[in-house]
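Undergrad: Pasting in a structure now, in structure tokens, and then I'll have a few things to ask.
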Amino acid sequence: MQKIMKNKGITLVALVVSIIIMLILAGVTLNIALGENGLFKMTQQVAEKYKTAQREEESTMQGITDELQGLIGKGKDDKTPGVITGEGTEAKPFLIESIEDLVEFSNKVNSGITFENQIVKLAVNLDFKSEDSYSKDKNKMEELTSGTGFTSIGNDQKQFKGTFDGQNRTISNLYIKKAENYKGLFGYVGSNGSIKNLKISDANINCKALYIGTLSGYVDGGIIENINISSGNLQGNRYVGGITGFCSNKSTINNCLSNVDIIGNGAMSSNLVVYLDIGGITGFCNNSTIMNSRNLGNLSCASGLCMGGIAAFTNNALIDSCYNEGNVGALKDNKASQLGGIVGEADTNTRVTKCYNCGNIDGQTNVGGIAGILGSGSMAYIEDCYNAGTISIKRENGSVGGISTVMESTKGCEIKNCYNIGNIVATVPKDGIARKHCRNRK
């Protein structure tokens, strides 16, 4: 009996030990399966990575598909040239499928149709110098690439207020030559108007007038984003910009690139001063924002006031995370003043942050690596910016600064966390950061 009990005790102990071992193994197994780095977690992570990779692959394939459609879907395939199909909704947007459609779109806006709350999409790449972009009237190519060229979409009286989505497609060889204000692909983008996801290449715009831009002459309370402008030429008198000539009324310019060489002719004001307001992105930025944008084109003029790699003149503006590589003031014996790598004149309540310049800046006076002159009013700021371009002035007793010059009348301005590594070429006293000067803009 004792032996039986002993054996039962051994058996019971063995059972308990076995159970404990099984629990331990189960715990290990559960931990392997369910723990921080468990199999289930790893499987989930692999599944998520697969889904992410799948989404990226689908996005890439869609991009390739869109590009192929843009390449092969030329205007000659437009079944209704000059008639814009669609309903203006996201599901059924109005489609631009040929040069004739683009011309008709311009005609509609210029007749007073604003397209407000409606969507227009560019369905194909368009080249003004290629017969493939025209559907029926090949003679239109000569008309639109010579003489006065394309008629801009909208003006100050007839504004575009809808959404134009380029779908990352390209409009090539845009040509405009008119001595009229508000010129560009779009003449005037009104309140709540939006232009996005568009490329413009090899544009040639020569308009001896005001409010001239490659994309738009004027943006008034609109949104401009994801615009790429390359290999173009632009010329105007005043308020001239690689993207837009003038932006105001809480407009936003975001993620834009301009690689356009710009020549400013200047315009004489009532006080007999020649003003330019020529900018790589915009000529004049009032109560608006420019961010994540860059300029690669050169800006030049014979004489006048105010040129900037990003914006010529700013007021109540934010310029954030922008950079300039273009030269400013490149003409021989340049007589321009108020020239800056980012802003020509940063006026009242302007904030320039996280910007840099590596273009060469050359003028008579009030020349700076970031701003030509800081504030003729008050409360203008430059923060977290640097300059690597060469800065030079030609006038004796002029003002030059590695970052900016500052007006003596200015109150509350601040330059913070900035540095200059560019050469300063002048025969007058100079500072690496800022120098005061007492000229006011009228």
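We label chains A, B, ... in the order they appear in the structure tokens, count residues from 1 in each chain, and number ligands from 1 in the order shown.
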How close does range 153-218 of chain A get to range 96-117 of chain A? List, as CSV, each residue of range 153-218 of chain A within 12 Å, its nearest atom pair and the distance in Å to one decimal, counting only C-alpha atoms.
TA:
residue,atom,partner,partner_atom,distance
A:Ile153,CA,A:Ser106,CA,4.5
A:Gly154,CA,A:Asn110,CA,5.1
A:Asn155,CA,A:Asn110,CA,7.1
A:Asp156,CA,A:Asn110,CA,9.9
A:Gln157,CA,A:Gly112,CA,8.2
A:Lys158,CA,A:Gly112,CA,5.2
A:Gln159,CA,A:Thr114,CA,5.9
A:Phe160,CA,A:Thr114,CA,4.8
A:Lys161,CA,A:Glu116,CA,4.7
A:Gly162,CA,A:Glu116,CA,4.2
A:Thr163,CA,A:Asn117,CA,7.3
A:Phe164,CA,A:Phe115,CA,9.5
A:Asp165,CA,A:Ile96,CA,10.2
A:Gly166,CA,A:Ile96,CA,9.4
A:Gln167,CA,A:Ile96,CA,11.2
A:Arg169,CA,A:Ile96,CA,11.3
A:Ile171,CA,A:Ile99,CA,9.7
A:Ser172,CA,A:Ile99,CA,11.0
A:Asn173,CA,A:Ile99,CA,11.8
A:Leu174,CA,A:Ile99,CA,10.8
A:Gly184,CA,A:Ser106,CA,11.7
A:Leu185,CA,A:Ser106,CA,9.2
A:Phe186,CA,A:Ser106,CA,8.4
A:Gly187,CA,A:Asn110,CA,9.5
A:Tyr188,CA,A:Val109,CA,10.0
A:Val189,CA,A:Thr114,CA,9.5
A:Gly190,CA,A:Thr114,CA,8.7
A:Ser191,CA,A:Glu116,CA,9.2
A:Asn192,CA,A:Glu116,CA,8.0
A:Gly193,CA,A:Glu116,CA,7.4
A:Ser194,CA,A:Glu116,CA,9.9
Undergrad: Just want the 10 Å neighbourhood of Cys301 in chain A, counted on only C-alpha atoms, with same-chain residues fewer than 5 positions away dropped. Output as a ChimeraX atom specification.
TA: /A:235,237,262-266,276,278,307,328-336
Undergrad: Apply DSSP to the structure's backbone, then extract all residues of range 42-268 of chain A labelled helix (DSSP H, G or I) and return them as a count of residues only.
TA: 55
Undergrad: Please determine, counting only C-alpha atoms, which residue among A:Pro81, A:Gly363, A:Gly401, A:Gly245 has the shortest atom-to-atom distance to Tyr134 in chain A.
TA: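 So, comparing all the options, the nearest one is A:Pro81.
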Undergrad: List the neighbours of range 413-420 of chain A out to 12 Å using only C-alpha atoms; skip same-chain residues closer than 5 positions along the sequence, and give me the result as a PyMOL selection string.
TA: chain A and resi 341+346-358+368-371+373-391+401-408+431-436
Undergrad: Which one is closest to Phe150 in chain A: A:Leu272, A:Ile290, A:Leu126, A:Ile205? Count only C-alpha atoms.
TA: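 That would be A:Ile205, the residue with the smallest distance to Phe150 in chain A.
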Undergrad: Nearest to Val400 in chain A among A:Glu325, A:Glu225, A:Asp362, A:Asp78, with distances taken over only C-alpha atoms: which residue is it?
TA: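 Looking only at the distances to Val400 in chain A, the closest residue turns out to be A:Asp362.
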Undergrad: By how many Å are CA of Glu396 in chain A and CA of Ala311 in chain A apart?
TA: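 Between CA of Glu396 in chain A and CA of Ala311 in chain A the gap works out to 26.3 Å.
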Undergrad: Using DSSP on the backbone coordinates, identify all residues within range 379-425 of chain A classified as strand (DSSP E); present the result as a list of chain:residue names.
TA: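 These are the residues in question: A:Tyr381, A:Ile382, A:Glu383, A:Tyr386, A:Asn387, A:Ile391, A:Ser392, A:Ile393, A:Val400, A:Gly401, A:Ser404, A:Thr405, A:Val406, A:Met407, A:Glu414, A:Ile415, A:Lys416, A:Tyr419, A:Asn420, A:Ile424, A:Val425.
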Undergrad: Would you save the residues of that selection, restricted to C-alpha atoms, as a compact mmCIF listing (two decimals), in the first residue's frame?
TA:
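Final file, result03.txt:
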# COMPACT_ATOMS: atom_id res chain seq x y z
CA TYR A 381 11.75 89.33 -38.95
CA ILE A 382 14.43 87.12 -40.45
CA GLU A 383 15.05 83.87 -38.57
CA TYR A 386 21.70 81.78 -44.22
CA ASN A 387 23.42 83.18 -47.28
CA ILE A 391 26.93 90.12 -52.42
CA SER A 392 28.28 93.23 -54.11
CA ILE A 393 27.41 96.91 -54.44
CA VAL A 400 25.21 96.04 -47.99
CA GLY A 401 24.70 93.17 -45.54
CA SER A 404 20.14 92.31 -44.78
CA THR A 405 20.36 96.05 -44.48
CA VAL A 406 18.00 97.76 -42.02
CA MET A 407 16.32 101.16 -42.20
CA GLU A 414 14.77 91.19 -35.59
CA ILE A 415 17.43 89.04 -37.25
CA LYS A 416 17.85 85.80 -35.33
CA TYR A 419 24.64 83.47 -40.70
CA ASN A 420 26.50 84.50 -43.83
CA ILE A 424 30.80 90.80 -49.57
CA VAL A 425 32.32 92.99 -52.26
Undergrad: One number please: CA of Ile361 in chain A to CA of Lys394 in chain A, in Å, one decimal.
TA: 11.4 Å
Undergrad: What's around Ser258 in chain A at 8 Å? Count only C-alpha atoms, leave out sequence neighbours fewer than 5 positions away in its own chain, and write the answer as an MDAnalysis selection string.
TA: chainID A and resid 228:230 242:243 280:281 294:297
Undergrad: Could those selected residues go to a file with N, CA and C atoms, as a PDB file, in the first residue's frame?
TA:
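Output file result-v1.pdb follows:
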ATOM      1  N   ASN A 228       5.543  73.433 -61.409  1.00  0.00           N
ATOM      2  CA  ASN A 228       6.931  73.318 -61.849  1.00  0.00           C
ATOM      3  C   ASN A 228       7.086  74.026 -63.179  1.00  0.00           C
ATOM      4  N   ILE A 229       7.874  75.103 -63.183  1.00  0.00           N
ATOM      5  CA  ILE A 229       8.074  75.888 -64.405  1.00  0.00           C
ATOM      6  C   ILE A 229       9.548  75.839 -64.763  1.00  0.00           C
ATOM      7  N   SER A 230       9.861  75.370 -65.982  1.00  0.00           N
ATOM      8  CA  SER A 230      11.257  75.165 -66.361  1.00  0.00           C
ATOM      9  C   SER A 230      11.576  75.762 -67.725  1.00  0.00           C
ATOM     10  N   GLY A 242       8.184  84.596 -61.571  1.00  0.00           N
ATOM     11  CA  GLY A 242       8.286  83.319 -62.269  1.00  0.00           C
ATOM     12  C   GLY A 242       7.020  82.490 -62.172  1.00  0.00           C
ATOM     13  N   ILE A 243       6.348  82.557 -61.020  1.00  0.00           N
ATOM     14  CA  ILE A 243       5.062  81.871 -60.854  1.00  0.00           C
ATOM     15  C   ILE A 243       3.911  82.848 -61.089  1.00  0.00           C
ATOM     16  N   GLY A 280      11.577  85.836 -58.226  1.00  0.00           N
ATOM     17  CA  GLY A 280      11.675  84.513 -58.814  1.00  0.00           C
ATOM     18  C   GLY A 280      10.383  83.731 -58.708  1.00  0.00           C
ATOM     19  N   ILE A 281       9.664  83.906 -57.596  1.00  0.00           N
ATOM     20  CA  ILE A 281       8.357  83.272 -57.423  1.00  0.00           C
ATOM     21  C   ILE A 281       7.238  84.277 -57.653  1.00  0.00           C
ATOM     22  N   ARG A 294      11.121  77.230 -54.496  1.00  0.00           N
ATOM     23  CA  ARG A 294      12.494  77.591 -54.845  1.00  0.00           C
ATOM     24  C   ARG A 294      12.569  78.207 -56.231  1.00  0.00           C
ATOM     25  N   ASN A 295      13.593  79.032 -56.407  1.00  0.00           N
ATOM     26  CA  ASN A 295      13.845  79.671 -57.690  1.00  0.00           C
ATOM     27  C   ASN A 295      15.250  79.322 -58.161  1.00  0.00           C
ATOM     28  N   LEU A 296      15.353  78.953 -59.436  1.00  0.00           N
ATOM     29  CA  LEU A 296      16.652  78.643 -60.037  1.00  0.00           C
ATOM     30  C   LEU A 296      17.011  79.615 -61.157  1.00  0.00           C
ATOM     31  N   GLY A 297      16.063  80.455 -61.560  1.00  0.00           N
ATOM     32  CA  GLY A 297      16.287  81.352 -62.688  1.00  0.00           C
ATOM     33  C   GLY A 297      16.982  82.637 -62.286  1.00  0.00           C
TER      34      GLY A 297
END
Undergrad: Which distance in Å separates CA of Gly304 in chain A and CA of Gly412 in chain A, to one decimal?
TA: 27.5 Å
